[in-house]
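K.L.:
Take a look at run-v7.tsv, TSV, C-alpha atoms:
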```tsv
chain	number	residue	atom	x	y	z
A	74	MET	CA	39.37	28.99	29.41
A	75	PRO	CA	40.42	25.53	28.23
A	76	ASP	CA	38.41	23.79	25.53
A	77	SER	CA	36.31	21.00	26.99
A	78	THR	CA	38.32	18.44	25.01
A	79	THR	CA	41.73	19.57	26.32
A	80	ASP	CA	41.36	19.24	30.08
A	81	ARG	CA	40.04	15.72	29.99
A	82	ARG	CA	41.23	12.15	29.78
A	83	TRP	CA	39.38	10.20	27.11
A	84	LEU	CA	38.48	6.53	27.08
A	85	ALA	CA	36.50	4.20	24.84
A	86	ASP	CA	33.16	3.19	26.33
A	87	SER	CA	33.62	-0.50	27.06
A	88	ASN	CA	29.84	-0.96	27.02
A	89	ALA	CA	29.56	0.12	23.40
A	90	ARG	CA	30.49	-3.32	21.90
A	91	LEU	CA	30.42	-1.87	18.41
A	92	ALA	CA	30.23	-4.02	15.29
A	93	TRP	CA	32.45	-2.70	12.50
A	94	ARG	CA	32.61	-2.82	8.71
A	95	HIS	CA	35.25	-1.05	6.65
A	96	TRP	CA	35.36	-0.21	2.94
A	97	GLY	CA	38.40	1.87	2.03
A	98	ASP	CA	38.27	5.16	3.93
A	99	ALA	CA	34.66	4.62	4.94
A	100	HIS	CA	34.00	2.98	8.29
A	101	PHE	CA	30.64	1.97	9.73
A	102	ALA	CA	30.02	1.15	13.36
A	103	PHE	CA	26.80	-0.42	14.62
A	104	ASP	CA	25.94	0.33	18.23
A	105	PRO	CA	23.75	-2.47	19.64
A	106	ARG	CA	22.58	-0.23	22.51
A	107	SER	CA	20.89	2.33	20.27
A	108	HIS	CA	20.56	0.22	17.07
A	109	GLN	CA	22.15	3.17	15.30
A	110	THR	CA	24.73	2.90	12.54
A	111	HIS	CA	27.49	5.50	12.53
A	112	PHE	CA	29.54	6.51	9.49
A	113	LEU	CA	33.05	7.44	10.62
A	114	ASN	CA	36.19	8.63	8.90
A	115	THR	CA	39.60	7.04	9.29
A	116	LEU	CA	40.80	9.56	11.90
A	117	ALA	CA	37.86	8.82	14.17
A	118	VAL	CA	38.54	5.09	13.87
A	119	GLU	CA	42.21	5.68	14.75
A	120	VAL	CA	41.18	7.68	17.80
A	121	VAL	CA	38.80	4.94	18.97
A	122	GLY	CA	41.58	2.39	18.43
A	123	LEU	CA	43.98	4.38	20.61
A	124	LEU	CA	41.38	4.80	23.35
A	125	ASN	CA	40.59	1.09	23.27
A	126	ASP	CA	44.22	0.53	24.37
A	127	ARG	CA	44.08	2.94	27.33
A	128	PRO	CA	42.58	6.29	28.42
A	129	GLN	CA	44.48	9.27	27.00
A	130	THR	CA	44.46	13.04	26.99
A	131	LEU	CA	44.07	15.06	23.80
A	132	ALA	CA	47.82	15.80	23.89
A	133	GLU	CA	48.65	12.10	24.17
A	134	ILE	CA	46.34	11.21	21.29
A	135	HIS	CA	47.89	14.01	19.23
A	136	ARG	CA	51.42	12.78	19.92
A	137	ALA	CA	50.50	9.20	19.06
A	138	LEU	CA	48.99	10.20	15.73
A	139	ILE	CA	51.88	12.57	14.89
A	140	SER	CA	54.18	9.64	15.33
A	141	ARG	CA	51.92	7.29	13.32
A	142	TYR	CA	51.40	9.69	10.40
A	143	ASP	CA	54.89	11.22	10.51
A	144	VAL	CA	53.59	14.83	10.48
A	145	ASP	CA	55.04	17.97	12.11
A	146	ASP	CA	54.58	18.06	15.86
A	147	ASP	CA	53.08	21.56	15.61
A	148	ASP	CA	50.37	20.39	13.18
A	149	GLU	CA	47.41	22.44	14.40
A	150	ALA	CA	45.06	21.05	11.75
A	151	LEU	CA	45.52	17.53	13.08
A	152	LEU	CA	44.93	18.71	16.65
A	153	GLU	CA	41.70	20.43	15.63
A	154	ALA	CA	40.55	17.38	13.68
A	155	ILE	CA	41.16	15.16	16.72
A	156	GLN	CA	39.20	17.57	18.89
A	157	SER	CA	36.31	17.49	16.44
A	158	SER	CA	36.42	13.70	16.30
A	159	LEU	CA	36.35	13.45	20.08
A	160	THR	CA	33.36	15.77	20.26
A	161	VAL	CA	31.45	13.66	17.72
A	162	LEU	CA	32.46	10.34	19.29
A	163	ASP	CA	31.41	11.67	22.70
A	164	ARG	CA	28.02	12.72	21.34
A	165	LEU	CA	27.55	9.27	19.78
A	166	GLY	CA	28.37	7.57	23.09
A	167	ILE	CA	31.41	5.78	21.69
A	168	VAL	CA	33.95	7.54	23.96
A	169	LEU	CA	33.74	8.97	27.47
A	170	SER	CA	35.82	11.56	29.24
A	171	ARG	CA	36.93	12.30	32.77
A	172	ARG	CA	38.21	15.67	33.91
A	173	THR	CA	41.96	15.66	34.60
A	174	LEU	CA	43.04	17.39	37.84
B	148	MET	CA	-0.91	-27.09	-7.05
B	149	THR	CA	-4.52	-25.92	-7.23
B	150	THR	CA	-4.99	-22.33	-8.29
B	151	LEU	CA	-7.89	-20.04	-7.61
B	152	ARG	CA	-8.87	-20.40	-11.28
B	153	ALA	CA	-9.69	-24.07	-10.68
B	154	LEU	CA	-12.14	-23.27	-7.89
B	155	PRO	CA	-15.79	-23.28	-9.06
B	156	ALA	CA	-17.57	-19.99	-8.38
B	157	ALA	CA	-20.03	-21.64	-6.02
B	158	GLU	CA	-17.22	-23.13	-3.92
B	159	LEU	CA	-15.37	-19.81	-3.85
B	160	ALA	CA	-18.51	-18.08	-2.57
B	161	GLN	CA	-18.91	-20.80	0.04
B	162	ARG	CA	-15.31	-20.55	1.29
B	163	LEU	CA	-14.85	-16.78	1.36
B	164	PRO	CA	-16.95	-16.01	4.46
B	165	SER	CA	-14.60	-18.10	6.61
B	166	GLY	CA	-11.48	-17.16	4.65
B	167	LEU	CA	-9.90	-18.29	1.40
B	168	LYS	CA	-6.15	-18.74	1.84
B	169	LEU	CA	-3.85	-17.86	-1.04
B	170	ALA	CA	-0.14	-18.69	-1.18
B	171	ILE	CA	1.68	-15.56	-2.26
B	172	GLY	CA	5.41	-16.16	-2.22
B	173	PRO	CA	6.43	-17.33	1.26
B	174	PHE	CA	3.25	-15.95	2.81
B	175	VAL	CA	-0.32	-17.08	3.24
B	176	VAL	CA	-2.99	-14.41	2.87
B	177	ALA	CA	-6.55	-15.07	3.97
B	178	MET	CA	-9.21	-13.20	2.02
B	179	VAL	CA	-12.46	-12.97	3.95
B	180	GLY	CA	-15.88	-11.61	3.02
B	181	ARG	CA	-19.40	-12.51	1.96
B	182	ASP	CA	-19.79	-9.76	-0.61
B	183	PRO	CA	-19.71	-10.94	-4.26
B	184	LEU	CA	-17.50	-7.89	-4.90
B	185	LEU	CA	-14.61	-9.76	-3.26
B	186	ALA	CA	-15.20	-13.00	-5.17
B	187	ASP	CA	-15.36	-11.08	-8.45
B	188	CYS	CA	-12.15	-9.21	-7.67
B	189	LEU	CA	-10.26	-12.39	-6.78
B	190	GLN	CA	-11.46	-14.27	-9.86
B	191	ALA	CA	-10.53	-11.38	-12.12
B	192	HIS	CA	-7.12	-10.48	-10.72
B	193	TYR	CA	-5.72	-13.43	-8.74
B	194	PRO	CA	-6.72	-16.48	-10.83
B	195	ASP	CA	-3.23	-18.00	-11.06
B	196	TYR	CA	-2.32	-17.76	-7.38
B	197	PRO	CA	-2.24	-21.17	-5.69
B	198	LEU	CA	-4.55	-22.00	-2.83
B	199	ALA	CA	-2.81	-22.55	0.48
B	200	PRO	CA	-3.70	-25.53	2.66
B	201	ALA	CA	-6.65	-24.74	4.89
B	202	ASP	CA	-4.66	-25.50	8.05
B	203	ARG	CA	-1.92	-22.95	7.26
B	204	PHE	CA	-1.85	-19.98	9.63
B	205	PRO	CA	-2.30	-16.80	7.58
B	206	ASP	CA	0.36	-14.07	7.66
B	207	ALA	CA	-2.31	-11.54	6.72
B	208	ARG	CA	-6.09	-11.64	7.06
B	209	LEU	CA	-7.99	-9.13	4.95
B	210	HIS	CA	-11.71	-8.89	5.63
B	211	LEU	CA	-13.98	-6.94	3.30
B	212	SER	CA	-16.69	-5.96	5.76
B	213	GLU	CA	-20.33	-6.48	4.89
B	214	GLN	CA	-22.69	-3.66	3.99
B	215	GLY	CA	-26.38	-3.44	4.70
B	216	LEU	CA	-28.98	-2.20	2.27
B	217	LEU	CA	-28.90	1.33	3.68
B	218	ASP	CA	-25.09	1.51	3.33
B	219	ARG	CA	-25.39	0.51	-0.29
B	220	LEU	CA	-28.22	2.95	-0.98
B	221	LEU	CA	-26.22	5.78	0.58
B	222	LYS	CA	-23.09	4.63	-1.30
B	223	ARG	CA	-21.09	4.54	1.89
B	224	PRO	CA	-17.43	3.57	1.51
B	225	ARG	CA	-16.30	-0.04	1.78
B	226	HIS	CA	-13.92	-1.13	4.53
B	227	ILE	CA	-11.12	-3.65	4.82
B	228	CYS	CA	-10.49	-4.84	8.36
B	229	LEU	CA	-7.48	-6.75	9.63
B	230	GLU	CA	-7.36	-9.12	12.61
B	231	ASP	CA	-8.71	-6.53	15.04
B	232	GLU	CA	-11.85	-6.16	12.87
B	233	LEU	CA	-11.46	-2.38	12.94
B	234	SER	CA	-11.52	-0.49	9.67
B	235	PHE	CA	-7.98	-0.33	8.30
B	236	THR	CA	-8.88	1.47	5.09
B	237	ASN	CA	-12.03	2.70	3.38
B	238	PHE	CA	-12.65	3.25	-0.30
B	239	PRO	CA	-15.24	3.26	-3.06
B	240	PRO	CA	-16.05	-0.24	-4.35
B	241	GLU	CA	-14.20	0.25	-7.63
B	242	ALA	CA	-10.94	0.72	-5.69
B	243	LEU	CA	-11.11	-2.65	-3.90
B	244	LEU	CA	-8.13	-4.15	-5.76
B	245	ALA	CA	-5.79	-1.26	-4.85
B	246	HIS	CA	-6.81	-1.40	-1.20
B	247	LEU	CA	-6.47	-5.18	-0.95
B	248	GLU	CA	-2.92	-4.82	-2.27
B	249	TRP	CA	-2.04	-1.90	0.04
B	250	SER	CA	-3.51	-3.70	3.05
B	251	MET	CA	-1.42	-6.76	2.20
B	252	ASN	CA	1.69	-4.55	1.95
B	253	TRP	CA	1.06	-3.13	5.39
B	254	CYS	CA	0.57	-6.57	6.98
B	255	ILE	CA	3.74	-8.00	5.48
B	256	ALA	CA	5.92	-4.91	6.03
B	257	SER	CA	4.95	-4.72	9.67
B	258	ARG	CA	5.12	-8.42	10.52
B	259	ALA	CA	7.46	-10.51	8.37
B	260	ASN	CA	10.49	-9.75	10.49
B	261	TRP	CA	12.05	-13.16	9.95
B	262	PHE	CA	13.24	-11.57	6.71
B	263	LEU	CA	15.28	-8.42	6.29
B	264	MET	CA	12.93	-6.38	4.11
B	265	LEU	CA	14.15	-3.69	1.75
B	266	HIS	CA	11.96	-1.23	-0.10
B	267	ALA	CA	13.28	-2.45	-3.41
B	268	ALA	CA	12.25	-4.37	-6.50
B	269	VAL	CA	13.85	-7.72	-7.28
B	270	LEU	CA	14.04	-9.47	-10.63
B	271	ALA	CA	16.10	-12.48	-11.62
B	272	ARG	CA	17.56	-14.28	-14.60
B	273	GLU	CA	19.57	-17.49	-14.71
B	274	GLU	CA	22.72	-15.64	-13.61
B	275	GLY	CA	21.11	-14.39	-10.41
B	276	ALA	CA	19.06	-11.52	-9.11
B	277	ILE	CA	19.22	-7.75	-9.17
B	278	ILE	CA	17.92	-5.61	-6.32
B	279	LEU	CA	16.52	-2.22	-7.35
B	280	PRO	CA	16.09	0.03	-4.31
B	281	GLY	CA	14.56	3.42	-4.75
B	282	VAL	CA	12.40	6.10	-3.27
B	283	PRO	CA	8.81	6.39	-4.55
B	284	GLY	CA	8.95	7.84	-8.05
B	285	ALA	CA	12.36	6.37	-8.91
B	286	GLY	CA	10.72	4.08	-11.45
B	287	LYS	CA	10.97	0.70	-9.69
B	288	SER	CA	7.46	-0.43	-10.58
B	289	THR	CA	7.60	0.73	-14.19
B	290	LEU	CA	10.97	-0.92	-14.74
B	291	SER	CA	9.76	-4.11	-13.03
B	292	ALA	CA	6.61	-4.25	-15.16
B	293	TYR	CA	8.76	-3.95	-18.28
B	294	LEU	CA	11.47	-6.41	-17.26
B	295	MET	CA	9.04	-9.14	-16.18
B	296	HIS	CA	7.79	-9.24	-19.76
B	297	ARG	CA	11.33	-9.36	-21.19
B	298	GLY	CA	12.77	-12.55	-19.74
B	299	TRP	CA	13.26	-11.53	-16.13
B	300	ARG	CA	11.45	-13.36	-13.35
B	301	LEU	CA	9.49	-11.05	-11.07
B	302	PHE	CA	10.24	-11.41	-7.37
B	303	SER	CA	8.61	-8.12	-6.37
B	304	ASP	CA	8.30	-4.54	-7.48
B	305	GLU	CA	8.80	-3.20	-3.95
B	306	PHE	CA	9.59	-5.91	-1.38
B	307	THR	CA	13.04	-7.42	-1.17
B	308	LEU	CA	12.94	-10.40	1.18
B	309	LEU	CA	16.42	-11.40	2.33
B	310	THR	CA	16.89	-14.63	4.25
B	311	PRO	CA	19.24	-14.47	7.26
B	312	ARG	CA	22.61	-16.28	6.89
B	313	THR	CA	22.19	-17.41	3.26
B	314	LEU	CA	21.06	-14.02	1.87
B	315	GLU	CA	18.78	-15.94	-0.45
B	316	LEU	CA	16.11	-13.75	-2.01
B	317	LYS	CA	12.53	-14.99	-1.76
B	318	ALA	CA	10.00	-14.21	-4.46
B	319	PHE	CA	6.81	-12.34	-3.52
B	320	PRO	CA	5.26	-11.75	-6.95
B	321	ARG	CA	2.28	-9.46	-6.85
B	322	LEU	CA	0.24	-7.32	-9.15
B	323	ILE	CA	2.30	-4.22	-9.97
B	324	PRO	CA	0.50	-0.95	-9.30
B	325	LEU	CA	1.42	1.53	-12.02
B	326	LYS	CA	0.61	5.14	-11.40
B	327	ASN	CA	-0.47	7.95	-13.71
B	328	GLU	CA	1.63	8.26	-16.88
B	329	SER	CA	3.50	5.00	-16.15
B	330	ILE	CA	0.32	3.19	-17.19
B	331	GLU	CA	0.53	4.52	-20.74
B	332	VAL	CA	4.32	3.99	-20.83
B	333	ILE	CA	3.92	0.25	-20.17
B	334	LYS	CA	0.83	-0.09	-22.38
B	335	SER	CA	2.91	1.30	-25.22
B	336	ALA	CA	6.15	-0.57	-24.49
B	337	VAL	CA	4.53	-3.90	-23.55
B	338	PRO	CA	1.32	-4.33	-25.58
B	339	GLU	CA	0.91	-7.87	-24.25
B	340	ALA	CA	0.80	-6.72	-20.59
B	341	GLU	CA	-2.45	-7.60	-18.87
B	342	PHE	CA	-3.89	-4.69	-16.91
B	343	GLY	CA	-6.57	-4.46	-14.27
B	344	PRO	CA	-9.05	-1.57	-14.25
B	345	GLN	CA	-7.91	2.02	-13.98
B	346	ILE	CA	-8.68	3.34	-10.52
B	347	PRO	CA	-8.80	7.15	-10.44
B	348	GLY	CA	-8.48	9.40	-7.44
B	349	THR	CA	-6.42	7.22	-5.10
B	350	ARG	CA	-3.89	8.81	-2.73
B	351	LYS	CA	-1.27	7.96	-5.37
B	352	GLY	CA	-3.30	9.32	-8.25
B	353	ARG	CA	-4.59	7.12	-11.06
B	354	VAL	CA	-3.56	3.50	-10.55
B	355	SER	CA	-3.77	0.40	-12.72
B	356	HIS	CA	-2.30	-2.99	-11.83
B	357	VAL	CA	-0.27	-5.17	-14.18
B	358	LYS	CA	-0.70	-8.89	-13.58
B	359	PRO	CA	2.30	-11.18	-13.29
B	360	THR	CA	1.83	-14.02	-15.75
B	361	GLY	CA	1.26	-17.58	-14.59
B	362	GLU	CA	4.92	-18.50	-15.15
B	363	HIS	CA	6.08	-15.99	-12.49
B	364	LEU	CA	3.60	-17.48	-10.03
B	365	ARG	CA	4.40	-21.12	-10.84
B	366	ARG	CA	8.06	-20.46	-9.97
B	367	MET	CA	7.46	-18.24	-6.96
B	368	HIS	CA	8.94	-20.76	-4.53
B	369	GLU	CA	12.32	-20.69	-6.32
B	370	GLY	CA	14.72	-18.29	-4.60
B	371	ALA	CA	17.79	-16.60	-6.10
B	372	GLN	CA	21.13	-15.24	-5.04
B	373	PRO	CA	21.72	-11.47	-5.28
B	374	ARG	CA	24.35	-10.38	-7.82
B	375	LEU	CA	23.67	-6.67	-8.36
B	376	VAL	CA	22.25	-3.77	-6.40
B	377	VAL	CA	21.18	-1.03	-8.82
B	378	PHE	CA	19.69	2.28	-7.70
B	379	PRO	CA	17.44	3.33	-10.61
B	380	ARG	CA	16.28	6.83	-11.42
B	381	TYR	CA	13.94	7.59	-14.28
B	382	GLN	CA	14.76	10.94	-15.87
B	383	ALA	CA	12.78	12.06	-18.89
B	384	GLY	CA	14.98	12.28	-21.99
B	385	ALA	CA	18.13	11.07	-20.22
B	386	ALA	CA	20.65	8.81	-21.93
B	387	THR	CA	21.03	5.42	-20.27
B	388	GLU	CA	23.89	5.60	-17.82
B	389	LEU	CA	25.04	2.84	-15.50
B	390	THR	CA	27.69	4.07	-13.05
B	391	GLU	CA	29.52	1.86	-10.60
B	392	LEU	CA	28.92	2.81	-6.98
B	393	PRO	CA	31.47	2.49	-4.16
B	394	LYS	CA	30.57	-0.23	-1.67
B	395	SER	CA	30.44	2.29	1.17
B	396	ALA	CA	27.80	4.34	-0.68
B	397	CYS	CA	25.82	1.21	-1.50
B	398	PHE	CA	25.86	0.10	2.15
B	399	ALA	CA	24.92	3.55	3.46
B	400	GLU	CA	21.93	3.75	1.10
B	401	LEU	CA	20.76	0.24	1.90
B	402	THR	CA	20.68	1.01	5.64
B	403	GLN	CA	18.24	3.83	4.84
B	404	ASN	CA	16.14	1.57	2.68
B	405	ALA	CA	15.10	-1.33	4.91
B	406	PHE	CA	11.66	-1.51	6.48
B	407	ASN	CA	12.97	-3.30	9.57
B	408	TYR	CA	16.68	-2.38	9.82
B	409	VAL	CA	16.39	-0.75	13.24
B	410	LEU	CA	14.16	-3.53	14.53
B	411	LEU	CA	16.54	-6.33	13.49
B	412	GLY	CA	19.54	-4.41	14.80
B	413	GLN	CA	22.96	-6.01	14.46
B	414	GLN	CA	21.62	-8.91	12.39
B	415	ALA	CA	20.43	-6.40	9.78
B	416	PHE	CA	23.77	-4.52	9.90
B	417	GLU	CA	25.70	-7.75	9.29
B	418	MET	CA	23.31	-8.90	6.55
B	419	LEU	CA	23.51	-5.63	4.63
B	420	ALA	CA	27.29	-5.57	5.00
B	421	ASP	CA	27.52	-9.16	3.70
B	422	LEU	CA	25.17	-8.28	0.86
B	423	THR	CA	27.30	-5.25	-0.01
B	424	ASP	CA	30.42	-7.43	-0.10
B	425	ARG	CA	28.72	-9.97	-2.32
B	426	VAL	CA	27.23	-7.72	-5.04
B	427	GLN	CA	28.33	-5.18	-7.61
B	428	SER	CA	26.47	-1.91	-7.15
B	429	TYR	CA	25.48	0.78	-9.64
B	430	ARG	CA	23.38	3.82	-10.21
B	431	LEU	CA	21.14	3.63	-13.27
B	432	VAL	CA	19.75	6.76	-14.92
B	433	TYR	CA	17.37	5.92	-17.74
B	434	SER	CA	14.49	7.04	-19.86
B	435	ASP	CA	14.45	4.19	-22.39
B	436	LEU	CA	13.21	0.91	-20.93
B	437	ALA	CA	14.78	-1.30	-23.63
B	438	GLU	CA	18.19	0.30	-23.14
B	439	ALA	CA	17.89	-0.04	-19.37
B	440	ASN	CA	17.09	-3.74	-19.84
B	441	GLN	CA	20.16	-4.17	-22.06
B	442	ALA	CA	22.43	-2.40	-19.57
B	443	LEU	CA	21.13	-4.47	-16.66
B	444	GLN	CA	21.56	-7.73	-18.56
B	445	GLU	CA	25.16	-6.87	-19.45
B	446	ALA	CA	25.98	-5.89	-15.86
B	447	LEU	CA	24.39	-9.07	-14.53
B	448	ARG	CA	26.36	-11.25	-16.94
B	449	ALA	CA	29.57	-9.47	-15.94
B	450	ALA	CA	28.85	-9.96	-12.23
B	451	ALA	CA	27.87	-13.64	-12.47
```
Mind turning the file's structure into structure tokens?
P.N.:
Amino acid sequence: MPDSTTDRRWLADSNARLAWRHWGDAHFAFDPRSHQTHFLNTLAVEVVGLLNDRPQTLAEIHRALISRYDVDDDDEALLEAIQSSLTVLDRLGIVLSRRTL
Amino acid sequence: MTTLRALPAAELAQRLPSGLKLAIGPFVVAMVGRDPLLADCLQAHYPDYPLAPADRFPDARLHLSEQGLLDRLLKRPRHICLEDELSFTNFPPEALLAHLEWSMNWCIASRANWFLMLHAAVLAREEGAIILPGVPGAGKSTLSAYLMHRGWRLFSDEFTLLTPRTLELKAFPRLIPLKNESIEVIKSAVPEAEFGPQIPGTRKGRVSHVKPTGEHLRRMHEGAQPRLVVFPRYQAGAATELTELPKSACFAELTQNAFNYVLLGQQAFEMLADLTDRVQSYRLVYSDLAEANQALQEALRAAA
């Protein structure tokens, strides 16, 4: 059975209108809808950046980041980290997903 | 600027039933009550606070409710009421000072949302101000009571008032409530400190208030710019250690420290981020007050 992150197309929630502050590898996003402040790592910020451009599947996000970071295209650790980031970002309401058919 | 000290006792007694307004930092606090207990408390512990103009709207109204003969005979507790005239807190008469101060804290913390309010002490020198955030027990009040007698100007031992846009700090100098063994620590380290009575058995244990001197109150309308954020932690027997803190850690801790961060929303986020960019931040572990003072002065000079 496919993981819930793999059979979906992901997109940034355009209603989020996050305010950002960055210090080194630490990134903070304020969500004016919930008045919550989220502490995110650099990978999560990269993922949000990609999804701000256009909706993408997990495989597309993985390929884009492989190319950006110049890592092996069979890097399972990166794939798992992206999946984890998507799960967290989804829970925070920063990204949305639609099932791909 | 007329202070409470200049008010004859008869006039004080005449004005208190309808409310005597004191200027305390940027706020006006109306003290209300017919009972001589209130007049005595104000004369003893607030003599150098200036009187606010009678037409100023009070930010807090603290009413010591009256007691009848039977209440006094039965030694029933005293009550402070706020605007709704319901009992906000009750206490034995000897604890009036502590409950006036705590009632004032509640009013300001829950209402003064034109400031971003941090649960942190603020003290200033010519070079600028330091903000000392900390959980209860971190030593903010003890350190503040010491520093205000060693050349630092007291803004507050627990309220940081940050002005939107400019990030100017406003002074809100109050009596500092020391608890339990901190009382003896300051009595020993600062023999000249002027204490109020010891009040046993409060919810915070034994409490005694240290008065800010007249000089702190005369300058309470002078603001200051923040230069340092220092997270203090008293640790018995520890060597003084001031460790630089990454900005991300400083910001994360400050967001947990504000009374009204969630209420102010994005404005608070932007203000704390701007504050973080503007200051140097440290952790301070200390057991020796004089060494802590020295370390803070050196860090402030370096940041200015």
K.L.:
Looking at B:Ala396, B:Cys188, B:Val176, B:Ala201, which one is nearest to Ala420 in chain B, with distances taken over only C-alpha atoms?
P.N.:
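The answer is B:Ala396, which sits nearest to Ala420 in chain B.
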K.L.:
Looking at all atoms listed in the file, which of B:Arg225, B:Arg425, B:Lys317, B:Lys394 is the one that sits closest to chain A?
P.N.:
B:Lys394
K.L.:
Could you list the residues in chain B lying within 7 Å of chain A, using all atoms listed in the file, and format the result as number ranges by chain?
P.N.:
B: 394-395, 409, 412-413, 416
K.L.:
Set the distance at 12 Å and use all atoms listed in the file: which residues neighbour Glu232 in chain B once local chain neighbours fewer than 5 positions away are removed? I'd like the list as a list of chain:residue names.
P.N.:
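Skipping anything fewer than 5 positions along the chain leaves B:Val179, B:Gly180, B:Arg208, B:Leu209, B:His210, B:Leu211, B:Ser212, B:Glu213, B:His226, B:Ile227.
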K.L.:
Keeping C-alpha atoms for every residue in the selection just given, could you write it to a file as a compact mmCIF listing (two decimals), keeping the file's coordinate frame?
P.N.:
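selection_30.txt written:
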```txt
# COMPACT_ATOMS: atom_id res chain seq x y z
CA VAL B 179 -12.46 -12.97 3.95
CA GLY B 180 -15.88 -11.61 3.02
CA ARG B 208 -6.09 -11.64 7.06
CA LEU B 209 -7.99 -9.13 4.95
CA HIS B 210 -11.71 -8.89 5.63
CA LEU B 211 -13.98 -6.94 3.30
CA SER B 212 -16.69 -5.96 5.76
CA GLU B 213 -20.33 -6.48 4.89
CA HIS B 226 -13.92 -1.13 4.53
CA ILE B 227 -11.12 -3.65 4.82
```
K.L.:
Mind checking which residues fall within 12 Å of Arg82 in chain A, counting only C-alpha atoms, ignoring those fewer than 4 positions away in the same chain, and posting them as a ChimeraX atom specification?
P.N.:
/A:77-78,124,127-134,159,168-174
K.L.:
Which of these residues is nearest to Arg312 in chain B, using only C-alpha atoms: B:Leu294, B:Ala267, B:Met418, B:Leu169?
P.N.:
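Distance minimum relative to Arg312 in chain B lands on B:Met418.
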K.L.:
Using all atoms listed in the file, which protein or nucleic acid residues come within 12 Å of Glu149 in chain A? Drop anything in the same chain fewer than 6 positions from it, and give the result as a VMD selection string.
P.N.:
chain A and resid 132 135 to 136 139 155 to 156
